Amino acid sequence: MQATATVLVYSDNAGTREQVRLATGRRPAPDVPVVEFVECATLPAVLKELERGGIDVCVLDGESSPVGGMGVCRQIKDEIFQCPPVLLLIGRPQDAWLATWSRAEAAVTLPVEPVEFASALASLLRQKHALNA
């Protein structure tokens with residue numbers, strides 16, 4: 001297993017990015033690597049980090065402004081070769097269909113509920129590890 005996993009967190013809200021970091025802790029589950037975060041508050045920063053490579057999972061805030069995480073997800077799925085899996089943060093459970101439209105692999109509601117979030121993130125990290133094995 002790799003020593004660390006890199007998780008990109010996109011939100012224009014510093015509080016939301018902090019919720020993600022706190023819900024994850026050092027690692028979201030005992031069987032996945034320790035997590036390092038790359039935080040982005042703008043779409044250009046997200047695209048720059050993804051082009052650089054090394055991102056294992058993206059966490060995108062669907063409530064970000066001016067560019068929401070759902071639109072960002074759809075764009076990166078179209079534009080980034082071997083795009084990492086995406087965990088989308090949505091405002092309400094009824095928005096799950098939009099997460100499907102955006103091609104996100106998983107979605108959880110805001111505010112971040114630590115157990116639900118950590119479980120979803122760990123699942124994506126396991127899938128990513130299984131694909132790379």
# chains A, B, ... in the order shown; residues from 1 in each chain; ligands from 1

$ residues_around --residues "range 78-95 of chain A" --least-positions-apart "5" --cutoff "8 Å" --atoms "only C-alpha atoms" --output "ChimeraX atom specification"
/A:50-51,55-63,69-70,73,104-112,120-121,124,128

$ select_by_dssp --residues "range 27-73 of chain A" --states "helix (DSSP H, G or I)" --output "list in words"
Leu43, Pro44, Ala45, Val46, Leu47, Lys48, Glu49, Leu50, Glu51, Arg52, Gly69, Met70, Gly71, Val72 and Cys73 of chain A

$ select_by_dssp --residues "range 4-115 of chain A" --states "strand (DSSP E)" --output "ChimeraX atom specification"
/A:4-10,34-40,57-61,86-90,106-109

$ atom_distance --atom1 "CA of Ala5 in chain A" --atom2 "CA of Asn132 in chain A"
12.5 Å
